[in-house]
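What follows is a single structure, written as structure tokens, with notes after it.
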Amino acid sequence: MKKIILLFALALLTTAPFFGQIELPISELLHMDSMEHKVFFDIRLPRVLLAFLVGGILALGGLIFQTVFRNPMSTPFTLGVASGATLFTAIAILLGFSTLSPLFAFVGAMMTVLILFGVASRFERYDSSSLLLVGIALSFFYAAALMVMFYISSLQESYEIMRFTMGSLDIVGFENIIILTLTSAFLLAVIFKYRYELKLLLTSYEFAYLKGINVKKTNYILLFAVSVAVGVAVSFTGPIGFVGLIIPHILKTIYKQSADKLILPIFFYGGVFLVLSDLIARNLNTMSDIPIGVVTSFLGAPFFIYLLIKRKSS
Amino acid sequence: MPLKIDNYSNDILKNISFILESREHLIILGSNGVGKTTLAKVLCGITPSTAVSIDTIIPSKIYGEKRAKLINYIPPKLNIFDEFITVHEFLELGFMDGIVRVQHLTGIDDVLQKLHITHLAEKACKMLSSGESQLLLIASALLHNARYTIFDEPTANLDPKKMQLLFGLLKDDHLLQSKLIITHNLDLAYKLGYNILFLEEGAIKFYGSSSDFFTQEHLDRLYDGSVEKHENNILVKL
């Protein structure tokens with residue numbers, strides 16, 4: 001089972017750049033100055049890489065949020081962190097700082113994490129369901145604030161923000177890919193450095209504490225790393241929901257191993273999932289590509305409801 | 001290295017002070033809701049307080065192996081978030097530096113054997129019965145081997161055979177340096193013979209030797225006649 005999925009995933013990754021509205025015969029690709037060559041290397045390949053890296057970051061972000069907030073439905077999206085990043089990217093566009101949007105997105109993400117922690121520390125006892133509700137309230141608040149941004153923006157800014165909030169993997173060239181590769185490396189490095197602590201957090205906070213772990217500090221570091229990575233990812237692609245929610249769950253069901261052993265698989269298959277979603281979005285023969293966020297939400301929302309039903313019935 | 005708590009109060013506990021010398025054991029008794037678990041969490045640092053110290057070190061102020069070596073708390077129930085962590089993996093986490101060495105593995109095997117749960121090694125912790133998970137918690141306490149180990153109702157879910165097994169371990173002076181045992185099982189408390197601390201309404205009502213505690217007259221006063229000393233056993237009148 002695992003091997004079949006892996007083979008399928010590898011086949012998908014290697015062939016994904018060849019599918020699209022323009023056919024790319026291999027013979028033409030080899031000509032350095034052909035149009036096909038340009039399409040393949042400047043558009044298709046960066047796009048697949050972008051989808052892969054962003055998918056990986058979002059899936060790992062989901063895993064870390066689920067572990068730290070102790071709720072299988074916690075992700076940077078359900079807790080409003082991605083909405084915070086989206087809002088601040090819109091603000092960046094509105095202020096004319098589009099190039100600084102990764103920084104703005106990070107500030108939005110981090111601010112949300114700090115609000116969540118601030119609220120959680122006011123609870124007499126840690127309560128993951130209430131925190132989820134706080135995250136949902138925050139999301140609504142950010143959505144309203146985003147409306148205000150639309151309201152005060154010009155037609156062109158408004159269109160730019162609208163495209164952005166639908167999620168898009170349009171990209172040309174490798175500049176952003178390099179930034180995202182570094183971001184992914186940073187996130188993976190932090191998670192691997194704190195792997196032992198992460199495993200202890202997978203038992204219980206009290207158990208981790210009694211083994212000498214500074215639980216609060218570890219949580220902050222992990223969430224900080226995720227906020228940086230998700231902030232950067234969201235600023236490039238817009239909010240793409242549900243990857244962080246469904247990938248960790250599917251992988252746990254397939255591998256039946258504790259989450260600390262699934263760090264690389266979750267990153268890998270998060271990437272594969274987004275590459276697949278993008279492939280669907282690009283090849284439905286519509287006039288233009290369907291926004292990627294639409295595809296992941298169509299796949300993810302039913303799964304989310306399924307998860308809720310399963311949780312309630314067990 | 002005495003464990004000391006100096007005049008601690010909160011919503012539940014009132015003016016708690018006592019000293020437990022190194023290598024001495026203590027049994028903590030009291031009715032439901034008098035603050036036994038609260039006290040345990042204060043002592044081990046889960047509820048931080050500067051009133052607690054072990055040889056002038058305040059456990060909740062330090063981190064890492066240093067604190068882990070000082071004091072450990074074993075809750076009445078195993079609480080695990082991840083579905084797939086196995087018994088063996090859980091015990092591997094008992095070693096502070098995160099590296100599992102060969103001697104650790106034999107240590108785990110020994111402890112599993114000691115508690116008769118070798119057959120559960122590869123089972124997911126979430127799938128254990130309440131008695132089995134209680135034994136797993138005891139196993140993790142033995143591997144952790146802190147100077148002070150607090151057991152919170154370690155016998156609550158055990159069948160008679162496992163109870164005997166656990167009694168043997170708690171009675172064994174070579175296992176664990178100092179044990180603090182919270183229990184409702186008076187017979188167990190009596191047979192262990194360790195000093196008794198009795199809590200009532202959040203305050204210490206009695207702190208002294210087992211023989212002073214377990215006199216019929218004293219028991220009648222504390223338990224309103226619901227407990228009877230019968231030859232060498234403490235019985236609950238039903």
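Ordering of the structure tokens sets the chain letters (A, B, ...), residue numbers begin anew at 1 in every chain, and ligands are numbered from 1 in the order given.
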Sorted by chain and rising residue number, which residues of chain B lie within 7 Å of chain A, and what are their closest atom pairs and distances in Å to one decimal, counting only C-alpha atoms, as CSV?
residue,atom,partner,partner_atom,distance
B:Ile46,CA,A:Glu206,CA,6.8
B:Tyr63,CA,A:Gly212,CA,5.0
B:Gly64,CA,A:Gly212,CA,4.0
B:Glu65,CA,A:Gly212,CA,5.6
B:Arg67,CA,A:Gly212,CA,5.8
B:Ala68,CA,A:Gly212,CA,4.9
B:Asn72,CA,A:Leu210,CA,6.0
B:Asn79,CA,A:Ser204,CA,6.1
B:Ile80,CA,A:Thr203,CA,4.3
B:Phe81,CA,A:Thr203,CA,5.2
B:Asp82,CA,A:Leu202,CA,5.3
B:Glu83,CA,A:Ser258,CA,6.9
B:Phe84,CA,A:Ser258,CA,4.7
B:Ile85,CA,A:Ser258,CA,5.1
B:Leu93,CA,A:Leu200,CA,7.0
B:Met96,CA,A:Lys211,CA,6.2
B:Gly98,CA,A:Tyr196,CA,5.7
Problem - Exercise: Gly300 (chain A) partners within 7 Å, only C-alpha atoms, chain neighbours under 4 positions left out, as a list in words - result: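 What passes the distance filter is Phe242, Ile246, Thr296 and Phe304 of chain A.
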Exercise for the section: May I have the residues within 12 Å of His218 (chain B) as a PyMOL selection string, using only C-alpha atoms and disregarding those fewer than 6 positions away in the same chain? Expected result: chain B and resi 198+205-206+210-212+224-229
Exercise for the section: Find the residues near Leu13 (chain B): any atom within 8 Å, counting only C-alpha atoms, skip ones fewer than 3 places away on the same chain, and give them as a ChimeraX atom specification. Expected result: /B:8-10,16,34-35,38-39,201-203
Exercise for the section: Step one, run DSSP on the backbone; step two, keep only residues of region 57-248 of chain A assigned to helix (DSSP H, G or I); then write them as a ChimeraX atom specification. Expected result: /A:57-68,81-94,98-122,128-152,155-165,175-193,195-201,205-210,215-237,243-248
Practice task
Mind giving me the straight-line distance from CA of Ser17 (chain B) to CA of Lys191 (chain B) in Å, one decimal?
Solution key: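 Rounded to one decimal, the two atoms are 25.7 Å apart.
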Problem - Shell around Ser98 (chain A) at 12 Å using only C-alpha atoms, local window under 3 positions removed, as a list in words - result: Phe88, Thr89, Ala90, Ile91, Ala92, Ile93, Leu94, Leu95, Ser101, Pro102, Leu103, Phe104, Ala105, Glu157, Glu160, Ile161, Phe164, Ser235 and Phe236 of chain A
Practice task
Per DSSP on the backbone, filter region 115-155 of chain B down to the residues in strand (DSSP E) and report them as a list in words.
Solution key: Tyr148, Thr149, Ile150, Phe151 and Asp152 of chain B
Practice task
Would you list the contacts of region 140-142 of chain B as number ranges by chain, taking every protein, DNA or RNA residue within 7 Å and counting only C-alpha atoms, but skipping same-chain residues closer than 3 positions in sequence?
Solution key: B: 74, 91, 94, 136-137, 145, 176
Write the selection just made, keeping C-alpha atoms, as a PDB file, in the first residue's frame?
ATOM      1  CA  ILE B  74       2.714   9.641  38.190  1.00  0.00           C
ATOM      2  CA  LEU B  91       9.181   4.110  27.840  1.00  0.00           C
ATOM      3  CA  GLY B  94      11.752   8.221  29.942  1.00  0.00           C
ATOM      4  CA  LEU B 136       2.900   1.257  32.175  1.00  0.00           C
ATOM      5  CA  LEU B 137       2.925   4.420  34.268  1.00  0.00           C
ATOM      6  CA  ASN B 145      14.082   7.094  38.710  1.00  0.00           C
ATOM      7  CA  LEU B 176      13.264   4.474  43.790  1.00  0.00           C
TER       8      LEU B 176
END
Practice task
Mind checking which residues fall within 7 Å of Gly238 (chain A), counting only C-alpha atoms, ignoring those fewer than 5 positions away in the same chain, and posting them as a count of residues only?
Solution key: 6
Problem - Counting only C-alpha atoms, the option among A:Ile179, A:Lys261, A:Ser83, A:Gly20 closest to Glu89 (chain B) - result: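 For Glu89 (chain B), the nearest of the given residues is A:Lys261.
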